[in-house]
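What follows is the content of target.txt, which has compact mmCIF, C-alpha atoms:
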```txt
# COMPACT_ATOMS: atom_id res chain seq x y z
CA MET A 1 -43.11 6.86 -106.09
CA PHE A 2 -44.14 10.40 -105.28
CA MET A 3 -43.75 12.84 -102.46
CA LYS A 4 -46.24 15.19 -100.88
CA ALA A 5 -46.27 17.41 -97.85
CA ILE A 6 -48.51 16.51 -94.93
CA PRO A 7 -51.57 18.80 -95.09
CA PRO A 8 -52.67 21.04 -92.23
CA SER A 9 -54.82 19.19 -89.74
CA ARG A 10 -58.57 19.64 -89.52
CA HIS A 11 -58.03 20.97 -86.01
CA CYS A 12 -55.96 23.88 -87.33
CA GLN A 13 -58.47 24.59 -90.12
CA GLU A 14 -61.33 24.71 -87.64
CA GLU A 15 -59.32 26.97 -85.37
CA ALA A 16 -58.70 29.40 -88.23
CA THR A 17 -62.42 29.53 -88.92
CA ALA A 18 -63.13 30.11 -85.23
CA ARG A 19 -60.81 33.13 -85.26
CA GLY A 20 -63.03 34.71 -87.89
CA HIS A 21 -61.31 33.83 -91.15
CA SER A 22 -63.90 33.37 -93.85
CA GLU A 23 -63.74 30.71 -96.52
CA PRO A 24 -61.53 31.77 -99.43
CA SER A 25 -63.06 32.83 -102.71
CA THR A 26 -62.89 30.58 -105.74
CA SER A 27 -59.93 32.43 -107.23
CA THR A 28 -58.08 32.39 -103.92
CA HIS A 29 -58.86 28.70 -103.60
CA HIS A 30 -57.29 27.99 -107.00
CA ARG A 31 -54.20 29.98 -106.05
CA ALA A 32 -53.95 27.98 -102.82
CA GLU A 33 -54.05 24.75 -104.80
CA ALA A 34 -51.29 26.01 -107.04
CA GLN A 35 -49.16 27.08 -104.07
CA PRO A 36 -50.18 25.03 -101.02
CA GLU A 37 -49.37 26.55 -97.67
CA ALA A 38 -46.39 25.07 -95.89
CA PRO A 39 -47.48 22.71 -93.10
CA ARG A 40 -46.74 23.54 -89.50
CA LEU A 41 -44.78 21.23 -87.25
CA SER A 42 -47.89 20.62 -85.15
CA ASP A 43 -49.70 19.24 -88.22
CA VAL A 44 -46.79 16.93 -89.02
CA LEU A 45 -46.54 15.59 -85.47
CA GLU A 46 -50.29 14.89 -85.40
CA HIS A 47 -50.20 13.00 -88.67
CA THR A 48 -49.73 9.26 -88.29
CA ASN A 49 -47.71 9.07 -91.51
CA ASN A 50 -44.98 11.62 -90.81
CA ASN A 51 -41.50 10.80 -92.04
CA PHE A 52 -39.36 11.20 -88.91
CA ASN A 53 -38.44 7.51 -88.71
CA ALA A 54 -37.12 7.81 -92.26
CA VAL A 55 -35.13 10.90 -91.24
CA ARG A 56 -33.54 8.95 -88.39
CA LEU A 57 -32.70 6.11 -90.79
CA LEU A 58 -31.13 8.60 -93.20
CA ALA A 59 -29.09 10.02 -90.31
CA ALA A 60 -27.87 6.53 -89.37
CA LEU A 61 -26.94 5.83 -93.01
CA SER A 62 -25.01 9.11 -93.08
CA VAL A 63 -22.99 7.99 -90.06
CA VAL A 64 -22.09 4.72 -91.83
CA VAL A 65 -21.04 6.58 -95.00
CA SER A 66 -18.91 9.02 -93.03
CA HIS A 67 -17.21 6.25 -91.06
CA SER A 68 -16.29 4.29 -94.18
CA PHE A 69 -14.22 7.26 -95.35
CA LEU A 70 -12.72 7.59 -91.88
CA LEU A 71 -11.81 3.91 -91.49
CA VAL A 72 -10.50 3.25 -95.00
CA ILE A 73 -8.51 6.47 -95.44
CA GLY A 74 -7.78 6.92 -91.75
CA LEU A 75 -8.30 10.67 -91.57
CA THR A 76 -11.22 12.70 -90.25
CA ALA A 77 -10.47 15.23 -93.00
CA ALA A 78 -11.44 12.57 -95.57
CA GLU A 79 -15.03 12.42 -94.33
CA PRO A 80 -17.74 14.26 -96.30
CA LEU A 81 -18.48 17.82 -95.09
CA SER A 82 -15.29 17.89 -93.02
CA SER A 83 -14.73 21.47 -94.25
CA THR A 84 -17.73 22.51 -92.12
CA PRO A 85 -17.67 22.50 -88.29
CA TYR A 86 -18.87 18.88 -88.31
CA THR A 87 -18.39 15.92 -90.61
CA LEU A 88 -21.35 14.25 -92.31
CA GLY A 89 -21.60 11.70 -89.48
CA GLN A 90 -21.37 14.38 -86.80
CA HIS A 91 -24.10 16.44 -88.47
CA ALA A 92 -26.25 13.28 -88.47
CA VAL A 93 -25.66 12.73 -84.74
CA ASN A 94 -26.67 16.35 -84.09
CA VAL A 95 -29.93 15.65 -85.92
CA PHE A 96 -30.46 12.54 -83.77
CA PHE A 97 -30.31 14.69 -80.63
CA VAL A 98 -32.65 17.33 -82.03
CA LEU A 99 -35.24 14.70 -82.96
CA SER A 100 -34.75 13.07 -79.57
CA GLY A 101 -35.64 16.31 -77.78
CA LEU A 102 -38.65 16.80 -80.05
CA MET A 103 -40.05 13.28 -79.78
CA LEU A 104 -39.33 12.96 -76.07
CA SER A 105 -41.32 16.14 -75.44
CA ARG A 106 -44.21 14.83 -77.50
CA SER A 107 -44.10 11.40 -75.83
CA PHE A 108 -44.19 12.86 -72.33
CA ALA A 109 -46.98 15.26 -73.28
CA ILE A 110 -49.09 12.31 -74.38
CA GLN A 111 -48.22 10.10 -71.38
CA PRO A 112 -46.87 12.15 -68.43
CA ASN A 113 -46.11 9.20 -66.19
CA TRP A 114 -42.62 9.06 -64.64
CA GLN A 115 -42.47 5.30 -64.20
CA THR A 116 -43.57 4.70 -67.76
CA PHE A 117 -41.17 7.37 -68.99
CA GLY A 118 -38.13 5.85 -67.29
CA ILE A 119 -38.85 2.26 -68.25
CA ALA A 120 -39.68 3.23 -71.82
CA ARG A 121 -36.36 5.03 -72.26
CA ALA A 122 -34.47 2.04 -70.84
CA LEU A 123 -36.33 -0.36 -73.15
CA ARG A 124 -35.45 1.78 -76.16
CA ILE A 125 -31.70 1.58 -75.57
CA PHE A 126 -30.50 -1.23 -73.33
CA PRO A 127 -32.03 -4.48 -74.71
CA GLY A 128 -30.78 -3.75 -78.23
CA LEU A 129 -27.43 -2.54 -76.93
CA PHE A 130 -26.89 -5.63 -74.76
CA VAL A 131 -27.65 -8.07 -77.58
CA CYS A 132 -25.43 -6.07 -79.94
CA ALA A 133 -22.53 -6.17 -77.48
CA THR A 134 -23.05 -9.90 -76.97
CA LEU A 135 -22.94 -10.62 -80.70
CA VAL A 136 -19.92 -8.37 -81.22
CA ALA A 137 -17.97 -10.07 -78.43
CA TRP A 138 -19.06 -13.67 -78.87
CA MET A 139 -19.79 -13.98 -82.60
CA LEU A 140 -17.88 -11.28 -84.52
CA GLY A 141 -14.99 -10.98 -82.10
CA PRO A 142 -13.20 -14.24 -82.98
CA PHE A 143 -12.92 -13.03 -86.61
CA GLY A 144 -11.35 -9.72 -85.65
CA THR A 145 -8.81 -10.77 -83.03
CA ARG A 146 -5.26 -12.03 -83.35
CA LEU A 147 -5.76 -14.35 -80.39
CA SER A 148 -6.59 -18.01 -80.81
CA ILE A 149 -10.18 -19.02 -80.14
CA ALA A 150 -9.18 -20.57 -76.80
CA GLU A 151 -7.20 -17.50 -75.73
CA TYR A 152 -9.95 -15.14 -76.82
CA PHE A 153 -12.74 -16.85 -74.87
CA HIS A 154 -10.56 -17.33 -71.80
CA ASP A 155 -9.99 -13.57 -71.64
CA GLY A 156 -12.13 -11.97 -68.96
CA HIS A 157 -12.91 -8.98 -71.17
CA THR A 158 -14.59 -11.23 -73.72
CA LEU A 159 -17.01 -12.59 -71.13
CA THR A 160 -17.77 -9.28 -69.45
CA TYR A 161 -17.91 -7.06 -72.56
CA PRO A 162 -21.74 -7.16 -72.98
CA PHE A 163 -22.27 -6.11 -69.37
CA ALA A 164 -19.52 -3.49 -69.40
CA THR A 165 -21.03 -1.92 -72.53
CA LEU A 166 -24.26 -1.18 -70.64
CA ILE A 167 -22.28 0.88 -68.13
CA ILE A 168 -19.32 2.43 -69.92
CA PHE A 169 -20.49 2.16 -73.55
CA ASP A 170 -17.58 2.75 -75.98
CA ARG A 171 -14.97 2.33 -73.23
CA ALA A 172 -15.72 -1.38 -72.89
CA GLN A 173 -12.75 -3.24 -74.35
CA LEU A 174 -11.89 -6.50 -76.11
CA HIS A 175 -8.23 -7.46 -76.19
CA ASP A 176 -6.23 -7.62 -79.44
CA MET A 177 -9.22 -6.58 -81.54
CA PHE A 178 -9.11 -4.85 -84.96
CA LEU A 179 -5.39 -4.13 -84.59
CA SER A 180 -4.62 -4.06 -88.32
CA GLY A 181 -7.03 -1.22 -89.13
CA THR A 182 -6.58 2.54 -89.18
CA HIS A 183 -8.27 2.81 -85.75
CA PRO A 184 -6.82 -0.15 -83.85
CA GLY A 185 -8.59 -1.34 -80.74
CA GLU A 186 -11.70 0.82 -81.24
CA ILE A 187 -14.47 -1.75 -80.82
CA ASN A 188 -17.63 0.33 -81.15
CA GLU A 189 -16.68 3.99 -81.12
CA PRO A 190 -20.14 5.49 -81.94
CA LEU A 191 -21.47 4.25 -78.59
CA TRP A 192 -19.76 7.25 -76.95
CA THR A 193 -22.80 9.39 -77.78
CA LEU A 194 -25.21 7.13 -75.88
CA LYS A 195 -24.03 8.35 -72.48
CA TYR A 196 -24.96 11.89 -73.51
CA GLU A 197 -28.34 10.63 -74.70
CA VAL A 198 -28.97 8.99 -71.31
CA PHE A 199 -27.81 12.15 -69.56
CA ALA A 200 -30.25 14.19 -71.68
CA TYR A 201 -33.07 11.89 -70.57
CA ILE A 202 -32.13 12.47 -66.92
CA VAL A 203 -31.93 16.25 -67.32
CA PHE A 204 -35.29 16.23 -69.13
CA ALA A 205 -36.90 14.21 -66.34
CA VAL A 206 -35.51 16.50 -63.63
CA GLY A 207 -36.49 19.61 -65.58
CA MET A 208 -40.03 18.34 -66.06
CA SER A 209 -40.39 17.34 -62.40
CA LEU A 210 -39.34 20.86 -61.35
CA GLY A 211 -41.70 22.42 -63.86
CA LEU A 212 -38.89 24.18 -65.72
CA ILE A 213 -39.21 22.58 -69.14
CA THR A 214 -42.92 23.40 -69.25
CA LYS A 215 -42.04 27.11 -69.22
CA ARG A 216 -41.25 28.46 -72.66
CA SER A 217 -39.15 31.32 -71.32
CA VAL A 218 -36.90 28.93 -69.40
CA ILE A 219 -36.42 26.61 -72.38
CA VAL A 220 -35.67 29.45 -74.80
CA LEU A 221 -33.25 31.07 -72.35
CA GLY A 222 -31.50 27.74 -71.77
CA CYS A 223 -31.21 27.14 -75.52
CA LEU A 224 -29.76 30.64 -76.06
CA MET A 225 -27.25 30.12 -73.24
CA LEU A 226 -26.10 26.84 -74.78
CA ALA A 227 -25.85 28.50 -78.21
CA THR A 228 -23.71 31.25 -76.67
CA ALA A 229 -21.50 28.69 -74.92
CA LEU A 230 -21.08 26.74 -78.17
CA THR A 231 -20.08 29.94 -79.97
CA LEU A 232 -17.59 30.89 -77.26
CA ALA A 233 -16.18 27.36 -77.28
CA ASN A 234 -15.20 27.83 -80.91
CA SER A 235 -13.84 31.35 -80.49
CA GLU A 236 -10.74 30.11 -78.69
CA PRO A 237 -9.68 26.93 -76.88
CA SER A 238 -11.19 26.83 -73.41
CA ALA A 239 -12.90 24.54 -70.93
CA LEU A 240 -16.08 24.92 -72.99
CA SER A 241 -14.44 23.28 -76.00
CA ALA A 242 -12.61 20.47 -74.18
CA PRO A 243 -14.31 17.10 -73.66
CA PRO A 244 -16.54 16.21 -71.99
CA ILE A 245 -17.86 19.76 -71.41
CA GLY A 246 -17.72 20.55 -75.11
CA SER A 247 -19.88 17.52 -75.87
CA PHE A 248 -22.36 18.42 -73.14
CA VAL A 249 -22.70 21.90 -74.66
CA ARG A 250 -23.03 20.62 -78.23
CA PHE A 251 -25.56 17.88 -77.55
CA GLY A 252 -27.34 19.97 -74.94
CA PHE A 253 -27.95 22.66 -77.55
CA CYS A 254 -29.22 20.08 -80.06
CA PHE A 255 -31.55 18.47 -77.51
CA ALA A 256 -32.81 21.86 -76.31
CA LEU A 257 -33.55 22.85 -79.92
CA GLY A 258 -35.82 19.82 -80.20
CA ILE A 259 -37.68 20.79 -77.01
CA VAL A 260 -38.09 24.39 -78.19
CA ALA A 261 -39.36 23.13 -81.55
CA TYR A 262 -42.02 21.10 -79.76
CA ARG A 263 -43.09 24.01 -77.55
CA TYR A 264 -43.47 26.25 -80.60
CA ARG A 265 -44.72 23.53 -82.94
CA ALA A 266 -47.91 25.42 -83.81
CA LYS A 267 -45.89 28.40 -85.06
CA ILE A 268 -43.14 26.64 -86.99
CA LYS A 269 -43.80 26.47 -90.73
CA LEU A 270 -41.87 23.80 -92.61
CA SER A 271 -40.69 25.05 -95.98
CA TRP A 272 -37.84 23.96 -98.23
CA THR A 273 -37.37 27.59 -99.25
CA ILE A 274 -36.74 28.57 -95.65
CA ALA A 275 -34.53 25.50 -95.17
CA GLY A 276 -32.43 26.53 -98.16
CA GLY A 277 -32.06 30.01 -96.71
CA PHE A 278 -30.87 28.66 -93.37
CA LEU A 279 -28.37 26.32 -95.05
CA ALA A 280 -27.06 29.21 -97.17
CA LEU A 281 -26.63 31.28 -94.01
CA ALA A 282 -24.73 28.41 -92.38
CA PHE A 283 -22.25 28.20 -95.25
CA VAL A 284 -21.83 31.99 -95.20
CA THR A 285 -20.83 31.79 -91.54
CA ASN A 286 -18.54 28.78 -92.10
CA GLY A 287 -15.15 29.43 -90.56
CA THR A 288 -16.51 31.84 -87.95
CA PRO A 289 -17.24 31.08 -84.26
CA ALA A 290 -20.97 31.16 -85.04
CA ALA A 291 -20.73 28.36 -87.61
CA ASN A 292 -21.36 25.52 -85.15
CA VAL A 293 -24.65 27.06 -84.06
CA THR A 294 -25.83 28.00 -87.55
CA PHE A 295 -25.03 24.56 -89.00
CA ILE A 296 -26.78 22.73 -86.17
CA PHE A 297 -29.81 24.98 -86.50
CA SER A 298 -30.00 24.72 -90.30
CA PHE A 299 -29.59 20.93 -90.36
CA ALA A 300 -32.17 20.62 -87.58
CA TYR A 301 -34.72 22.67 -89.51
CA ALA A 302 -33.99 20.75 -92.73
CA ALA A 303 -34.59 17.49 -90.82
CA LEU A 304 -37.98 18.79 -89.63
CA VAL A 305 -38.93 19.76 -93.18
CA LEU A 306 -37.84 16.35 -94.46
CA GLY A 307 -40.01 14.78 -91.77
CA SER A 308 -43.03 16.53 -93.27
CA ILE A 309 -42.53 14.97 -96.71
CA ARG A 310 -44.26 11.65 -97.26
CA ILE A 311 -42.73 9.18 -99.70
CA PRO A 312 -45.47 6.53 -99.57
CA ARG A 313 -43.44 3.33 -99.78
CA VAL A 314 -40.58 4.64 -97.65
CA THR A 315 -42.89 6.20 -95.07
CA LYS A 316 -45.01 3.06 -94.85
CA PHE A 317 -41.93 0.90 -94.31
CA THR A 318 -40.21 3.12 -91.75
CA SER A 319 -43.42 3.73 -89.80
CA LYS A 320 -43.48 0.01 -88.96
CA THR A 321 -39.76 -0.83 -89.07
CA ASP A 322 -37.22 1.39 -87.31
CA LEU A 323 -33.72 0.27 -88.28
CA SER A 324 -31.93 3.46 -87.26
CA PHE A 325 -30.78 2.43 -83.78
CA GLY A 326 -29.70 -1.05 -84.86
CA LEU A 327 -27.79 0.36 -87.81
CA TYR A 328 -26.07 2.90 -85.56
CA ILE A 329 -24.86 0.40 -82.96
CA TYR A 330 -23.86 -2.46 -85.30
CA ALA A 331 -22.21 -0.61 -88.18
CA TRP A 332 -18.83 0.35 -86.66
CA PRO A 333 -17.70 -3.15 -85.52
CA ILE A 334 -18.91 -4.57 -88.83
CA GLN A 335 -17.01 -1.87 -90.73
CA GLN A 336 -13.90 -2.65 -88.69
CA LEU A 337 -14.27 -6.35 -89.42
CA VAL A 338 -14.73 -5.73 -93.16
CA LEU A 339 -11.58 -3.62 -93.17
CA VAL A 340 -9.61 -6.37 -91.42
CA ALA A 341 -10.91 -9.02 -93.83
CA ALA A 342 -10.54 -7.00 -97.03
CA GLY A 343 -7.23 -5.37 -96.16
CA PRO A 344 -6.05 -1.78 -96.50
CA ALA A 345 -6.26 -1.85 -100.31
CA VAL A 346 -10.07 -1.93 -100.29
CA SER A 347 -11.76 1.10 -101.84
CA VAL A 348 -14.07 3.30 -99.81
CA TRP A 349 -17.10 2.42 -101.92
CA ALA A 350 -16.48 -1.34 -101.82
CA HIS A 351 -16.00 -1.12 -98.07
CA LEU A 352 -19.17 0.95 -97.70
CA THR A 353 -21.28 -1.39 -99.85
CA ILE A 354 -20.25 -4.56 -98.01
CA SER A 355 -20.50 -2.92 -94.59
CA LEU A 356 -23.90 -1.41 -95.31
CA VAL A 357 -25.43 -4.68 -96.51
CA LEU A 358 -24.17 -6.58 -93.45
CA SER A 359 -25.11 -3.79 -91.03
CA LEU A 360 -28.64 -3.58 -92.40
CA LEU A 361 -29.01 -7.33 -91.97
CA PHE A 362 -27.97 -7.09 -88.33
CA ALA A 363 -30.17 -4.03 -87.82
CA THR A 364 -33.15 -5.93 -89.24
CA PHE A 365 -32.46 -8.79 -86.86
CA SER A 366 -32.13 -6.35 -83.96
CA TRP A 367 -35.43 -4.65 -84.74
CA GLY A 368 -37.45 -7.78 -85.37
CA LEU A 369 -36.17 -9.97 -82.55
CA VAL A 370 -35.02 -7.52 -79.87
CA GLU A 371 -36.08 -3.88 -80.17
CA LYS A 372 -39.66 -4.32 -81.38
CA PRO A 373 -40.53 -6.93 -78.70
CA ALA A 374 -38.94 -4.66 -76.06
CA LEU A 375 -40.93 -1.66 -77.27
CA SER A 376 -44.13 -3.73 -77.13
CA LEU A 377 -43.59 -3.83 -73.37
CA LYS A 378 -43.69 -0.04 -73.44
CA SER A 379 -47.16 -0.16 -74.98
CA ARG A 380 -48.29 -2.53 -72.24
CA LEU A 381 -46.90 -0.14 -69.63
CA LYS A 382 -48.84 2.72 -71.18
CA ARG A 383 -52.08 0.74 -71.08
CA SER A 384 -51.40 -0.23 -67.46
CA ALA A 385 -50.79 3.41 -66.55
CA ASP A 386 -54.03 4.44 -68.25
CA LEU A 387 -55.97 1.79 -66.35
CA ALA A 388 -54.33 2.73 -63.07
CA ALA A 389 -55.43 6.37 -63.35
CA PRO A 390 -58.92 6.42 -64.90
CA HIS A 391 -59.86 9.55 -62.98
CA GLU A 392 -57.17 11.73 -64.54
CA ALA A 393 -57.89 14.15 -67.34
CA PRO A 394 -56.61 13.28 -70.82
CA SER A 395 -52.88 13.71 -70.76
CA ARG A 396 -52.32 14.84 -74.32
CA LEU A 397 -51.38 18.48 -74.57
CA PRO A 398 -53.10 20.62 -77.21
CA ASN A 399 -51.02 21.78 -80.14
CA HIS A 400 -51.27 25.41 -79.10
CA ALA A 401 -50.27 24.92 -75.48
```
Mind converting the file's structure to C-alpha cells?
Amino acid sequence: MFMKAIPPSRHCQEEATARGHSEPSTSTHHRAEAQPEAPRLSDVLEHTNNNFNAVRLLAALSVVVSHSFLLVIGLTAAEPLSSTPYTLGQHAVNVFFVLSGLMLSRSFAIQPNWQTFGIARALRIFPGLFVCATLVAWMLGPFGTRLSIAEYFHDGHTLTYPFATLIIFDRAQLHDMFLSGTHPGEINEPLWTLKYEVFAYIVFAVGMSLGLITKRSVIVLGCLMLATALTLANSEPSALSAPPIGSFVRFGFCFALGIVAYRYRAKIKLSWTIAGGFLALAFVTNGTPAANVTFIFSFAYAALVLGSIRIPRVTKFTSKTDLSFGLYIYAWPIQQLVLVAAGPAVSVWAHLTISLVLSLLFATFSWGLVEKPALSLKSRLKRSADLAAPHEAPSRLPNHA
C-alpha cells in the first residue's frame, strides 16, 4: 500500500502556460520530479479520488476513541489531547464542520438549486438518524434498561423516541437507560452537534440567497469576526463562552473556515511542511486565549492536506462506502451498552475494541440499507433539476472564481 499526493489538474497546467510560463528545462524538470510541487485545494477537489471521505471516517473513529476514555474512566480529562483546548473527539467534530462548509460550498456551486439543496441535506441526515433511533430504542434499549420488557415497551418514551430524536436530537429520552455507567441516562450524547449542523445549513442557504456568501470579503470578514469572538470567549467567562452561544461561535468559525477554503481553493497549497508549522504554532499558543482559534485552524489545514493524499485501497473503499455518519450516530449507545454489559472493571482498550467492532457493523448496515439508498434519491433529484432547466448555463463554478 502506498501513498501519493493528487497531482495538479490539467486545467491548472494549461492556465499556467496561458499566463506565459514556458516549459521547464530538462534540469528543472528533474528537480521538479525530485521535489513535486504541493497540490492546490482546487486540484484535490476536482480529482475523483480525493481522500476526504477517509478523513471523515478518521474523524468519526477519533470520536469513538475519545468517548471510550470518557465513558470507562468517567472524566473528560482522561480523553486524549484534553490538555489542549479540545479533546481528541472535539477536535474531530471541529474537522467535521470545516469539511461540511467546504463540501457544501462545492456541492452548491455544482448544482445551485434550492429545492435540490434542501432535500439533499435532509436525505443526508434524517433517514439514517431515524433508523438509528428506532434500533436504539426498540432493539438495543431492552438490554440497557432496568425495566422489564413489558414495562419498557409500555413506556411512552420508548415508542416516541425515534420521532423525538428527529426534532430534539440528544434531548430525546428513554427511561431508566444506562443507569449503571459513568454517564447515566445519556442515550446518544453526540447527537447534540447535529442541531448546529442543521443550523449551519440554514444560515448557508440564507446567506447564498442574499448573495452574501458569494462575496469573498463578506465571508472573510465573517470568519475573522467569529475568530475574534472565539478568542474573547476564552479570555474570560462571558455570554460568548456559555452554551449555546459558545457552540454557535465555535462551530460557526469551523463552518466558515470551510467556506473560505473553498472560495480560495485555487490559492491554497496543501503541504505537510506547512501543516507541521501550523500545528507547532498551535501548541506554542496552548494555554492562551488564541489557542482555540489556532488549534481549529491547524487541524482544519491538516485535514485538507490529508484529503490530498491517496492511499489506493483506503481511498477506493471510502469513495464508495461512507461509514462516518453511521459510526458517529451509533457508537455512543453501543459504547454505553458495552459498558453496562462488561461492568466498570473493563479496560479502556477492551471497551474500545468491542465497541468499535459493533459500531462499524451497525454503520455498515446503515450505509448499505439506509443512507446509500437515500442518497440515490439525491442523484435522481439532481437529474430532474438538470432536465427541468435545460436552458440554463452550466452551473459548475470555475476553480478560480
Closest of A:Ala122, A:Val340, A:Val218, A:Val346 to Phe178 in chain A, counting only C-alpha atoms, is A:Val340
Margin query: What's around range 350-361 of chain A at 10 Å? Count all atoms listed in the file, leave out sequence neighbours fewer than 4 positions away in its own chain, and write the answer as an MDAnalysis selection string.
Written below: chainID A and resid 61 64:69 71:72 323:324 326:339 342:343 346 365:366
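Nearest to Pro85 in chain A of all the residues A:Thr273, A:Thr145, A:Ser238, A:Asn292 is A:Asn292, based on only C-alpha atoms.
In this comparison, which uses all atoms listed in the file, the residue of A:Phe97, A:Phe163, A:Phe52, A:Trp272 approaching Thr315 in chain A most closely is A:Phe52.
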(Q) For a quick check of your reading of the model, name the residues lying within 12 Å of the coordinate (-36.5, 25.0, -69.5), counting all atoms listed in the file, and write them as a ChimeraX atom specification. (A) /A:105,203-226,252-253,255-260,263
